[in-house]
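Working notes for the structure below.
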2 protein chains.
Amino acid sequence: MGQGGKKMDILLEFITSRIKTKKITEEGVGVESFDDGAIIPLPDRSIDIVLTTDSFTVSPLFFRGGNIGTLAAAGTINDLLMMGAHPIAMTLALVIREGLKFADLAKIIDTIVAITEEYKIGIVAGDTKVMPIGSMDETGLIINTTGLGEIPSGQRITDSSLVPGDVIITTGSLGDHGFAMLVTREGMELETELKSDVAALQSLIQPILAYRVHAMKDPTRGGLTGVLTEWATKSNVSIWLDETALPFSDDVKIVAEIFGIDPLHVSCEGKAIIAVHPDDADKVLNLLRSNHLGEQAVAIGQVKDSRKGQVFLKTTIGGHRILDKPIGEPIPRVC
Amino acid sequence: MGQGGKKMDILLEFITSRIKTKKITEEGVGVESFDDGAIIPLPDRSIDIVLTTDSFTVSPLFFRGGNIGTLAAAGTINDLLMMGAHPIAMTLALVIREGLKFADLAKIIDTIVAITEEYKIGIVAGDTKVMPIGSMDETGLIINTTGLGEIPSGQRITDSSLVPGDVIITTGSLGDHGFAMLVTREGMELETELKSDVAALQSLIQPILAYRVHAMKDPTRGGLTGVLTEWATKSNVSIWLDETALPFSDDVKIVAEIFGIDPLHVSCEGKAIIAVHPDDADKVLNLLRSNHLGEQAVAIGQVKDSRKGQVFLKTTIGGHRILDKPIGEPIPRVC
């Protein structure tokens with residue numbers, strides 16, 4: 001749905017408030033919900049169609065751990081998965097600046113093809129536009145991917161379905177993608193292995209759908225804080241995080257310290273935050289940990305009934321800090 | 001699918017040749033067909049899903065007859081219609097350069113909303129990215145819209161279904177959009193009413209689907225020549241145009257003359273080229289003419305069996321000219 005932060009929220013509100021026809025049917029989910037995608041029930045059929053769209057304006061195009069193509073393919077697949085959908089197909093629209101190297105373009109497209117082939121997702125429609133040199137020089141390439149998925153009726157997962165008692169799980173460490181982009185962009189020579197965590201999560205997520213997963217979201221824009229503040233508001237609950245449980249790699253801690261950026265606001269591209277019924281939490285954690293994409297899965301907090309709409313961080317010194325969205329995106333243009 | 005011309009064809013071939021998983025099922029239509037959209041049959045269901053995607057990089061954003069929003073909404077609706085589909089929903093992804101006027105953005109979004117509301121098409125998912133000043137200065141805004149439609153199984157209309165004997169119809173005059181963009185861009189003070197023909201064609205097209213319409217396409221990239229050369233190749237037929245029948249407005253004739261640009265290569269955004277069974281041609285023409293969007297509908301040529309793959313123009317002096325795609329787009333960045 002876009003970049004994180006409150007400034008961006010104002011722009012998004014400006015845009016969506018003008019879009020009056022948001023829903024196709026009363027049962028659908030449209031732009032107004034700010035969810036990861038739209039749900040379109042097909043009349044008299046047992047499945048809903050899910051649509052999600054994303055433009056990728058990332059700079060640089062290649063970074064440690066992936067490229068803009070990895071982001072586009074994995075991001076779109078993950079957006080579908082986060083709603084409980086099975087990804088079927090994707091469109092691929094390229095805006096290419098004249099002078100972009102064919103070898104780079106080839107590498108990016110091959111990356112998208114490899115990921116979509118792995119999960120048998122068809123790239124079914126495309127569009128290519130060419131922009132003159134002097135325009136779009138910072139990126140050289142903008143990609144839009146729109147994903148189509150299907151979901152058995154009644155099995156959709158939305159942001160407004162958290163229930164007090166739910167356990168909040170992260171499938172792994174936080175902030176890797178955003179900080180890896182920052183390090184690449186600044187040309188920093190760190191003695192660090194820090195790289196983007198970008199990955200399509202299909203093999204990780206589909207098995208856990210057999211359990212009572214109440215909400216699921218990839219912490220892209222706005223990072224973990226972005227996800228949890230939206231959930232708390234939309235589900236009218238409070239969320240209580242345990243700071244000691246939050247998994248950050250050593251590299252993320254170092255870079256966060258150097259730049260003075262709170263890693264709770266920084267995006268991942270290969271992680272999911274999951275709210276699950278407390279009786280299913282251990283089973284879900286075990287399943288996640290059995291997959292290499294979820295080896296570091298851990299419970300990080302709980303959903304409560306009191307102080308609705310807020311997110312709290314239990315700090316190591318025993319206090320509570322209220323988590324709120326930052327005013328702007330701390331590391332812009334990372335997805 | 002992109003801009004017209006042979007240079008663009010080479011780029012598109014480069015891109016699509018790398019995309020190996022083009023089809024989801026054998027019965028589907030994917031990127032490899034270079035059709036206006038993809039067709040995705042839903043197993044055990046009586047409808048196919050149609051997906052189409054387009055990025056709009058037009059400059060300037062506002063022009064005589066419309067703006068980039070008119071193009072995005074009408075273009076996506078028309079792409080769905082051209083495959084015989086009923087448009088259901090649309091995604092809207094905006095890449096906005098910092099400093100774009102809110103009033104302009106509002107006007108553009110309101111245009112999209114007005115068109116989609118008229119036809120009860122939901123804007124169901126969105127994305128917004130912001131680019132820094134100094135990037136994308138030429139446009140200030142790039143829009144991607146992806147359209148979702150449905151089509152009863154067996155009723156799809158593709159580029160490869162022309163049959164010898166078919167009558168070729170245009171729903172109106174040719175080249176208006178491209179030349180209107182050119183005039184706006186050059187800041188020309190013409191004593192002319194020339195404006196873009198951009199329009200969503202839903203009310204015009206849906207009634208004629210009751211007849212034997214074998215192919216249908218909006219002459220955007222590459223203009224009329226682009227449509228017909230693709231049809232001749234894909235359907236393995238020849239197409240014979242009658243020059244005296246081709247409808248051009250006086251304004252288009254004047255501007256084409258001034259710039260030395262062949263109007264047969266110039267794009268329209270509110271016209272359809274239709275190949276119809278000869279016994280149904282008059283009925284279809286009458287239906288089209290009864291709608292204000294098709295008042296000037298006229299038969300312009302015929303499909304034949306001989307000299308397959310080629311397009312001929314019977315000139316006023318009695319000869320035949322072979323029509324071929326231009327090397328580049330004569331007026332770039334008009335859609």
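Going through the structure tokens in order, the chains are called A, B, and so on, while each chain numbers its residues from 1 and the ligands are numbered from 1 in the order shown.
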Among the residues of region 191-271 of chain B, find those DSSP assigns to strand (DSSP E) from the backbone and print them as a list in words.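 Filtering region 191-271 of chain B to strand (DSSP E) leaves Val213, His214, Ala215, Met216, Lys217, Ser238, Ile239, Trp240, Leu241 and Asp242 of chain B.
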Write a file of the selected residues as a PDB file, in the first residue's frame, keeping N, CA, C and O atoms.
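Generated output (part-v1.pdb):
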ATOM      1  N   VAL B 213     -18.167 -11.346 -33.653  1.00  0.00           N
ATOM      2  CA  VAL B 213     -16.963 -10.514 -33.615  1.00  0.00           C
ATOM      3  C   VAL B 213     -15.763 -11.451 -33.466  1.00  0.00           C
ATOM      4  O   VAL B 213     -15.631 -12.141 -32.462  1.00  0.00           O
ATOM      5  N   HIS B 214     -14.888 -11.494 -34.454  1.00  0.00           N
ATOM      6  CA  HIS B 214     -13.752 -12.432 -34.435  1.00  0.00           C
ATOM      7  C   HIS B 214     -12.503 -11.853 -33.791  1.00  0.00           C
ATOM      8  O   HIS B 214     -11.678 -12.582 -33.263  1.00  0.00           O
ATOM      9  N   ALA B 215     -12.347 -10.548 -33.883  1.00  0.00           N
ATOM     10  CA  ALA B 215     -11.193  -9.904 -33.250  1.00  0.00           C
ATOM     11  C   ALA B 215     -11.543  -8.455 -32.953  1.00  0.00           C
ATOM     12  O   ALA B 215     -12.421  -7.868 -33.597  1.00  0.00           O
ATOM     13  N   MET B 216     -10.864  -7.898 -31.968  1.00  0.00           N
ATOM     14  CA  MET B 216     -11.165  -6.533 -31.547  1.00  0.00           C
ATOM     15  C   MET B 216      -9.919  -5.984 -30.872  1.00  0.00           C
ATOM     16  O   MET B 216      -9.279  -6.685 -30.084  1.00  0.00           O
ATOM     17  N   LYS B 217      -9.564  -4.769 -31.169  1.00  0.00           N
ATOM     18  CA  LYS B 217      -8.371  -4.186 -30.542  1.00  0.00           C
ATOM     19  C   LYS B 217      -8.470  -2.678 -30.597  1.00  0.00           C
ATOM     20  O   LYS B 217      -8.970  -2.111 -31.560  1.00  0.00           O
ATOM     21  N   SER B 238      -4.343 -12.172 -44.856  1.00  0.00           N
ATOM     22  CA  SER B 238      -3.969 -10.832 -45.316  1.00  0.00           C
ATOM     23  C   SER B 238      -5.144  -9.889 -45.063  1.00  0.00           C
ATOM     24  O   SER B 238      -6.303 -10.324 -44.969  1.00  0.00           O
ATOM     25  N   ILE B 239      -4.832  -8.615 -44.917  1.00  0.00           N
ATOM     26  CA  ILE B 239      -5.882  -7.616 -44.686  1.00  0.00           C
ATOM     27  C   ILE B 239      -5.734  -6.537 -45.750  1.00  0.00           C
ATOM     28  O   ILE B 239      -4.623  -6.048 -46.004  1.00  0.00           O
ATOM     29  N   TRP B 240      -6.850  -6.199 -46.371  1.00  0.00           N
ATOM     30  CA  TRP B 240      -6.845  -5.238 -47.477  1.00  0.00           C
ATOM     31  C   TRP B 240      -7.685  -4.026 -47.081  1.00  0.00           C
ATOM     32  O   TRP B 240      -8.893  -4.117 -46.901  1.00  0.00           O
ATOM     33  N   LEU B 241      -6.996  -2.890 -46.955  1.00  0.00           N
ATOM     34  CA  LEU B 241      -7.670  -1.647 -46.557  1.00  0.00           C
ATOM     35  C   LEU B 241      -8.004  -0.811 -47.777  1.00  0.00           C
ATOM     36  O   LEU B 241      -7.245  -0.795 -48.748  1.00  0.00           O
ATOM     37  N   ASP B 242      -9.086  -0.076 -47.668  1.00  0.00           N
ATOM     38  CA  ASP B 242      -9.472   0.847 -48.736  1.00  0.00           C
ATOM     39  C   ASP B 242      -9.175   2.279 -48.279  1.00  0.00           C
ATOM     40  O   ASP B 242      -9.836   2.792 -47.366  1.00  0.00           O
TER      41      ASP B 242
END
Using only C-alpha atoms, which protein or nucleic acid residues come within 12 Å of Ala200 (chain B)? Drop anything in the same chain fewer than 2 positions from it, and give the result as a ChimeraX atom specification. /B:66,69-82,87,111-112,114-119,121,197-198,202-206,218,268-272,293-294
Would you write out, as JSON lines, a table of all residues in chain B that have an atom no more than 8 Å from an atom of chain A, listing for each the closest atom pair and the distance in Å to one decimal, considering only C-alpha atoms and ordering rows by chain and rising residue number?
{"residue": "B:Met1", "atom": "CA", "partner": "A:Asp127", "partner_atom": "CA", "distance": 4.2}
{"residue": "B:Gly2", "atom": "CA", "partner": "A:Thr128", "partner_atom": "CA", "distance": 4.6}
{"residue": "B:Gln3", "atom": "CA", "partner": "A:Lys129", "partner_atom": "CA", "distance": 6.4}
{"residue": "B:Leu12", "atom": "CA", "partner": "A:Thr128", "partner_atom": "CA", "distance": 7.3}
{"residue": "B:Ile15", "atom": "CA", "partner": "A:Ile109", "partner_atom": "CA", "distance": 7.4}
{"residue": "B:Arg18", "atom": "CA", "partner": "A:Asp110", "partner_atom": "CA", "distance": 6.6}
{"residue": "B:Ile19", "atom": "CA", "partner": "A:Val113", "partner_atom": "CA", "distance": 6.0}
{"residue": "B:Lys20", "atom": "CA", "partner": "A:Val113", "partner_atom": "CA", "distance": 7.3}
{"residue": "B:Thr21", "atom": "CA", "partner": "A:Gly122", "partner_atom": "CA", "distance": 5.6}
{"residue": "B:Lys22", "atom": "CA", "partner": "A:Ile123", "partner_atom": "CA", "distance": 5.5}
{"residue": "B:Lys23", "atom": "CA", "partner": "A:Gly122", "partner_atom": "CA", "distance": 5.9}
{"residue": "B:Ile24", "atom": "CA", "partner": "A:Gly122", "partner_atom": "CA", "distance": 5.3}
{"residue": "B:Val29", "atom": "CA", "partner": "A:Val124", "partner_atom": "CA", "distance": 7.5}
{"residue": "B:Gly30", "atom": "CA", "partner": "A:Val124", "partner_atom": "CA", "distance": 4.5}
{"residue": "B:Val31", "atom": "CA", "partner": "A:Ala125", "partner_atom": "CA", "distance": 4.9}
{"residue": "B:Gly37", "atom": "CA", "partner": "A:Ala125", "partner_atom": "CA", "distance": 5.6}
{"residue": "B:Ala38", "atom": "CA", "partner": "A:Ala125", "partner_atom": "CA", "distance": 5.3}
{"residue": "B:Ile39", "atom": "CA", "partner": "A:Val124", "partner_atom": "CA", "distance": 7.9}
{"residue": "B:Leu51", "atom": "CA", "partner": "A:Ala125", "partner_atom": "CA", "distance": 6.8}
{"residue": "B:Thr52", "atom": "CA", "partner": "A:Ala125", "partner_atom": "CA", "distance": 5.9}
{"residue": "B:Thr53", "atom": "CA", "partner": "A:Gly126", "partner_atom": "CA", "distance": 6.1}
{"residue": "B:Asp54", "atom": "CA", "partner": "A:Asp127", "partner_atom": "CA", "distance": 5.5}
{"residue": "B:Ser55", "atom": "CA", "partner": "A:Ala93", "partner_atom": "CA", "distance": 6.5}
{"residue": "B:Phe56", "atom": "CA", "partner": "A:Lys129", "partner_atom": "CA", "distance": 8.0}
{"residue": "B:Thr57", "atom": "CA", "partner": "A:Lys129", "partner_atom": "CA", "distance": 7.4}
{"residue": "B:Ile88", "atom": "CA", "partner": "A:Ile24", "partner_atom": "CA", "distance": 7.9}
{"residue": "B:Ala89", "atom": "CA", "partner": "A:Ile24", "partner_atom": "CA", "distance": 7.6}
{"residue": "B:Thr91", "atom": "CA", "partner": "A:Thr53", "partner_atom": "CA", "distance": 6.5}
{"residue": "B:Leu92", "atom": "CA", "partner": "A:Thr53", "partner_atom": "CA", "distance": 7.6}
{"residue": "B:Ala93", "atom": "CA", "partner": "A:Ser55", "partner_atom": "CA", "distance": 6.5}
{"residue": "B:Leu94", "atom": "CA", "partner": "A:Ser55", "partner_atom": "CA", "distance": 7.7}
{"residue": "B:Val95", "atom": "CA", "partner": "A:Ser55", "partner_atom": "CA", "distance": 7.3}
{"residue": "B:Ala106", "atom": "CA", "partner": "A:Ile15", "partner_atom": "CA", "distance": 7.5}
{"residue": "B:Ile109", "atom": "CA", "partner": "A:Arg18", "partner_atom": "CA", "distance": 7.1}
{"residue": "B:Asp110", "atom": "CA", "partner": "A:Arg18", "partner_atom": "CA", "distance": 6.6}
{"residue": "B:Val113", "atom": "CA", "partner": "A:Ile19", "partner_atom": "CA", "distance": 6.0}
{"residue": "B:Glu117", "atom": "CA", "partner": "A:Thr21", "partner_atom": "CA", "distance": 6.4}
{"residue": "B:Lys120", "atom": "CA", "partner": "A:Thr21", "partner_atom": "CA", "distance": 7.8}
{"residue": "B:Ile121", "atom": "CA", "partner": "A:Ile24", "partner_atom": "CA", "distance": 7.3}
{"residue": "B:Gly122", "atom": "CA", "partner": "A:Ile24", "partner_atom": "CA", "distance": 5.3}
{"residue": "B:Ile123", "atom": "CA", "partner": "A:Lys22", "partner_atom": "CA", "distance": 5.5}
{"residue": "B:Val124", "atom": "CA", "partner": "A:Gly30", "partner_atom": "CA", "distance": 4.5}
{"residue": "B:Ala125", "atom": "CA", "partner": "A:Val31", "partner_atom": "CA", "distance": 4.9}
{"residue": "B:Gly126", "atom": "CA", "partner": "A:Met1", "partner_atom": "CA", "distance": 5.8}
{"residue": "B:Asp127", "atom": "CA", "partner": "A:Met1", "partner_atom": "CA", "distance": 4.2}
{"residue": "B:Thr128", "atom": "CA", "partner": "A:Gly2", "partner_atom": "CA", "distance": 4.6}
{"residue": "B:Lys129", "atom": "CA", "partner": "A:Gly2", "partner_atom": "CA", "distance": 5.6}
{"residue": "B:Met131", "atom": "CA", "partner": "A:Thr57", "partner_atom": "CA", "distance": 7.7}
{"residue": "B:Ser135", "atom": "CA", "partner": "A:Met136", "partner_atom": "CA", "distance": 4.9}
{"residue": "B:Met136", "atom": "CA", "partner": "A:Met136", "partner_atom": "CA", "distance": 4.7}
{"residue": "B:Asp137", "atom": "CA", "partner": "A:Ser135", "partner_atom": "CA", "distance": 6.2}
{"residue": "B:Glu138", "atom": "CA", "partner": "A:Ser135", "partner_atom": "CA", "distance": 6.1}
{"residue": "B:Asn144", "atom": "CA", "partner": "A:Asn144", "partner_atom": "CA", "distance": 7.1}
{"residue": "B:Thr146", "atom": "CA", "partner": "A:Thr146", "partner_atom": "CA", "distance": 6.9}
{"residue": "B:Arg333", "atom": "CA", "partner": "A:Met131", "partner_atom": "CA", "distance": 7.9}
For CA of Pro219 (chain B) and CA of Lys234 (chain B), the interatomic separation in Å (one decimal):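 Separating CA of Pro219 (chain B) from CA of Lys234 (chain B) is a distance of 16.1 Å.
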Residue neighbourhood Ile169 (chain B), 8 Å, only C-alpha atoms, exclusion window fewer than 2 positions, as a PyMOL selection string: chain B and resi 167+171+273-276+285+297-301
Grab the residues selected above and save them as an mmCIF file, in the first residue's frame with N, CA and C atoms.
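And here is the file that came out, selection-v1.cif:
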data_model
loop_
_atom_site.group_PDB
_atom_site.id
_atom_site.type_symbol
_atom_site.label_atom_id
_atom_site.label_comp_id
_atom_site.auth_asym_id
_atom_site.auth_seq_id
_atom_site.Cartn_x
_atom_site.Cartn_y
_atom_site.Cartn_z
ATOM 1 N N VAL B 167 -15.047 -8.596 -42.261
ATOM 2 C CA VAL B 167 -15.021 -7.163 -42.563
ATOM 3 C C VAL B 167 -14.299 -6.442 -41.420
ATOM 4 N N THR B 171 -14.420 2.060 -35.249
ATOM 5 C CA THR B 171 -15.565 2.697 -34.600
ATOM 6 C C THR B 171 -15.554 4.218 -34.777
ATOM 7 N N ILE B 273 -10.870 -1.275 -33.347
ATOM 8 C CA ILE B 273 -10.856 -1.884 -34.673
ATOM 9 C C ILE B 273 -11.461 -3.280 -34.496
ATOM 10 N N ILE B 274 -12.410 -3.604 -35.341
ATOM 11 C CA ILE B 274 -13.196 -4.817 -35.143
ATOM 12 C C ILE B 274 -13.194 -5.645 -36.427
ATOM 13 N N ALA B 275 -12.966 -6.947 -36.272
ATOM 14 C CA ALA B 275 -13.098 -7.863 -37.411
ATOM 15 C C ALA B 275 -14.354 -8.692 -37.179
ATOM 16 N N VAL B 276 -15.284 -8.607 -38.124
ATOM 17 C CA VAL B 276 -16.591 -9.223 -37.896
ATOM 18 C C VAL B 276 -16.990 -10.064 -39.114
ATOM 19 N N LEU B 285 -22.357 -2.413 -37.559
ATOM 20 C CA LEU B 285 -22.176 -0.997 -37.905
ATOM 21 C C LEU B 285 -23.351 -0.155 -37.422
ATOM 22 N N ALA B 297 -18.614 5.160 -37.158
ATOM 23 C CA ALA B 297 -18.151 3.803 -37.460
ATOM 24 C C ALA B 297 -18.286 3.513 -38.941
ATOM 25 N N VAL B 298 -17.289 2.819 -39.486
ATOM 26 C CA VAL B 298 -17.276 2.575 -40.930
ATOM 27 C C VAL B 298 -16.429 1.331 -41.231
ATOM 28 N N ALA B 299 -16.831 0.623 -42.288
ATOM 29 C CA ALA B 299 -16.036 -0.510 -42.762
ATOM 30 C C ALA B 299 -14.858 0.027 -43.554
ATOM 31 N N ILE B 300 -13.663 -0.489 -43.249
ATOM 32 C CA ILE B 300 -12.461 0.050 -43.905
ATOM 33 C C ILE B 300 -11.676 -1.005 -44.667
ATOM 34 N N GLY B 301 -12.079 -2.264 -44.595
ATOM 35 C CA GLY B 301 -11.303 -3.262 -45.321
ATOM 36 C C GLY B 301 -11.835 -4.664 -45.140
#
Region 185-333 of chain B: residues DSSP assigns to alpha helix (DSSP H), reported as a PyMOL selection string: chain B and resi 185-186+202-205+223-235+250-259+281-289
Same residues, N, CA, C and O atoms, output as a compact mmCIF listing (two decimals), in the first residue's frame:
# COMPACT_ATOMS: atom_id res chain seq x y z
N ARG B 185 2.03 19.12 -26.51
CA ARG B 185 3.42 19.09 -26.09
C ARG B 185 4.24 20.18 -26.77
O ARG B 185 5.10 20.80 -26.15
N GLU B 186 3.94 20.42 -28.03
CA GLU B 186 4.70 21.43 -28.78
C GLU B 186 4.19 22.83 -28.49
O GLU B 186 4.76 23.81 -28.96
N GLN B 202 -17.06 0.83 -22.96
CA GLN B 202 -17.92 -0.26 -22.48
C GLN B 202 -19.32 -0.24 -23.08
O GLN B 202 -19.81 -1.27 -23.56
N SER B 203 -19.97 0.93 -23.09
CA SER B 203 -21.34 1.00 -23.61
C SER B 203 -21.39 0.75 -25.11
O SER B 203 -22.40 0.32 -25.66
N LEU B 204 -20.28 1.02 -25.79
CA LEU B 204 -20.22 0.82 -27.24
C LEU B 204 -19.98 -0.65 -27.60
O LEU B 204 -20.58 -1.17 -28.55
N ILE B 205 -19.11 -1.29 -26.84
CA ILE B 205 -18.63 -2.63 -27.22
C ILE B 205 -19.56 -3.74 -26.75
O ILE B 205 -19.81 -4.72 -27.48
N GLY B 223 -0.85 2.49 -33.66
CA GLY B 223 -2.02 2.91 -34.42
C GLY B 223 -2.67 1.77 -35.18
O GLY B 223 -2.53 0.60 -34.83
N LEU B 224 -3.40 2.13 -36.24
CA LEU B 224 -4.11 1.14 -37.04
C LEU B 224 -3.14 0.12 -37.65
O LEU B 224 -3.40 -1.09 -37.65
N THR B 225 -1.99 0.59 -38.12
CA THR B 225 -1.01 -0.31 -38.71
C THR B 225 -0.55 -1.36 -37.70
O THR B 225 -0.41 -2.54 -38.04
N GLY B 226 -0.32 -0.93 -36.46
CA GLY B 226 0.10 -1.86 -35.41
C GLY B 226 -0.91 -2.98 -35.22
O GLY B 226 -0.56 -4.16 -35.15
N VAL B 227 -2.18 -2.61 -35.13
CA VAL B 227 -3.24 -3.61 -34.94
C VAL B 227 -3.28 -4.59 -36.10
O VAL B 227 -3.26 -5.82 -35.92
N LEU B 228 -3.32 -4.05 -37.32
CA LEU B 228 -3.56 -4.92 -38.48
C LEU B 228 -2.38 -5.82 -38.79
O LEU B 228 -2.56 -6.98 -39.18
N THR B 229 -1.15 -5.30 -38.63
CA THR B 229 0.01 -6.17 -38.90
C THR B 229 0.06 -7.31 -37.88
O THR B 229 0.40 -8.44 -38.23
N GLU B 230 -0.30 -7.04 -36.63
CA GLU B 230 -0.34 -8.12 -35.64
C GLU B 230 -1.40 -9.15 -35.98
O GLU B 230 -1.17 -10.35 -35.90
N TRP B 231 -2.57 -8.68 -36.34
CA TRP B 231 -3.65 -9.60 -36.71
C TRP B 231 -3.26 -10.48 -37.90
O TRP B 231 -3.49 -11.68 -37.90
N ALA B 232 -2.71 -9.83 -38.95
CA ALA B 232 -2.37 -10.58 -40.17
C ALA B 232 -1.37 -11.69 -39.85
O ALA B 232 -1.52 -12.83 -40.32
N THR B 233 -0.38 -11.37 -39.00
CA THR B 233 0.62 -12.37 -38.63
C THR B 233 0.02 -13.46 -37.76
O THR B 233 0.16 -14.65 -38.05
N LYS B 234 -0.68 -13.07 -36.72
CA LYS B 234 -1.16 -14.06 -35.75
C LYS B 234 -2.28 -14.93 -36.31
O LYS B 234 -2.43 -16.08 -35.90
N SER B 235 -3.10 -14.36 -37.19
CA SER B 235 -4.21 -15.14 -37.76
C SER B 235 -3.84 -15.76 -39.10
O SER B 235 -4.64 -16.50 -39.68
N ASP B 250 -10.33 16.50 -40.23
CA ASP B 250 -9.57 17.51 -40.96
C ASP B 250 -8.36 17.96 -40.15
O ASP B 250 -7.27 18.20 -40.70
N ASP B 251 -8.55 18.06 -38.81
CA ASP B 251 -7.45 18.49 -37.96
C ASP B 251 -6.28 17.51 -38.02
O ASP B 251 -5.12 17.90 -38.09
N VAL B 252 -6.60 16.23 -37.95
CA VAL B 252 -5.56 15.21 -38.02
C VAL B 252 -4.82 15.31 -39.35
O VAL B 252 -3.59 15.24 -39.40
N LYS B 253 -5.57 15.51 -40.42
CA LYS B 253 -4.92 15.62 -41.73
C LYS B 253 -3.94 16.79 -41.76
O LYS B 253 -2.82 16.68 -42.27
N ILE B 254 -4.36 17.92 -41.17
CA ILE B 254 -3.51 19.12 -41.17
C ILE B 254 -2.23 18.87 -40.36
O ILE B 254 -1.12 19.12 -40.82
N VAL B 255 -2.41 18.35 -39.13
CA VAL B 255 -1.24 18.17 -38.25
C VAL B 255 -0.32 17.09 -38.81
O VAL B 255 0.92 17.21 -38.75
N ALA B 256 -0.89 16.03 -39.36
CA ALA B 256 -0.08 14.98 -39.97
C ALA B 256 0.78 15.55 -41.09
O ALA B 256 1.96 15.21 -41.24
N GLU B 257 0.19 16.44 -41.86
CA GLU B 257 0.88 17.08 -42.97
C GLU B 257 2.03 17.97 -42.46
O GLU B 257 3.15 17.90 -42.95
N ILE B 258 1.73 18.76 -41.43
CA ILE B 258 2.74 19.67 -40.88
C ILE B 258 3.96 18.90 -40.38
O ILE B 258 5.10 19.26 -40.62
N PHE B 259 3.69 17.81 -39.63
CA PHE B 259 4.80 17.07 -39.00
C PHE B 259 5.34 15.95 -39.89
O PHE B 259 6.34 15.32 -39.55
N ALA B 281 -21.80 -7.69 -40.46
CA ALA B 281 -21.13 -6.38 -40.52
C ALA B 281 -22.11 -5.22 -40.46
O ALA B 281 -21.92 -4.25 -39.71
N ASP B 282 -23.18 -5.30 -41.23
CA ASP B 282 -24.14 -4.19 -41.24
C ASP B 282 -24.83 -4.01 -39.90
O ASP B 282 -25.03 -2.88 -39.43
N LYS B 283 -25.18 -5.13 -39.27
CA LYS B 283 -25.85 -5.04 -37.96
C LYS B 283 -24.92 -4.41 -36.93
O LYS B 283 -25.33 -3.55 -36.13
N VAL B 284 -23.66 -4.83 -36.97
CA VAL B 284 -22.69 -4.27 -36.02
C VAL B 284 -22.48 -2.78 -36.30
O VAL B 284 -22.46 -1.95 -35.37
N LEU B 285 -22.36 -2.41 -37.56
CA LEU B 285 -22.18 -1.00 -37.91
C LEU B 285 -23.35 -0.16 -37.42
O LEU B 285 -23.17 0.94 -36.87
N ASN B 286 -24.56 -0.66 -37.61
CA ASN B 286 -25.74 0.09 -37.17
C ASN B 286 -25.76 0.26 -35.65
O ASN B 286 -26.09 1.34 -35.14
N LEU B 287 -25.43 -0.82 -34.95
CA LEU B 287 -25.39 -0.74 -33.49
C LEU B 287 -24.35 0.28 -33.03
O LEU B 287 -24.61 1.10 -32.14
N LEU B 288 -23.17 0.22 -33.63
CA LEU B 288 -22.10 1.15 -33.25
C LEU B 288 -22.53 2.60 -33.49
O LEU B 288 -22.33 3.47 -32.64
N ARG B 289 -23.15 2.83 -34.64
CA ARG B 289 -23.52 4.21 -35.00
C ARG B 289 -24.62 4.77 -34.12
O ARG B 289 -24.81 5.98 -34.03
Report as a list in words all protein, DNA and RNA residues lying within 8 Å of Pro326 (chain B), evaluated on only C-alpha atoms, omitting residues in the same chain fewer than 4 positions from it. Gly5, Lys6, Gly222, His265 and Pro330 of chain B
Need to verify the contact set: Leu313 (chain A), 8 Å, only C-alpha atoms, exclusion of same-chain residues closer than 2 positions in sequence. Can you return it as a PyMOL selection string? chain A and resi 240-243+311+315+320-323
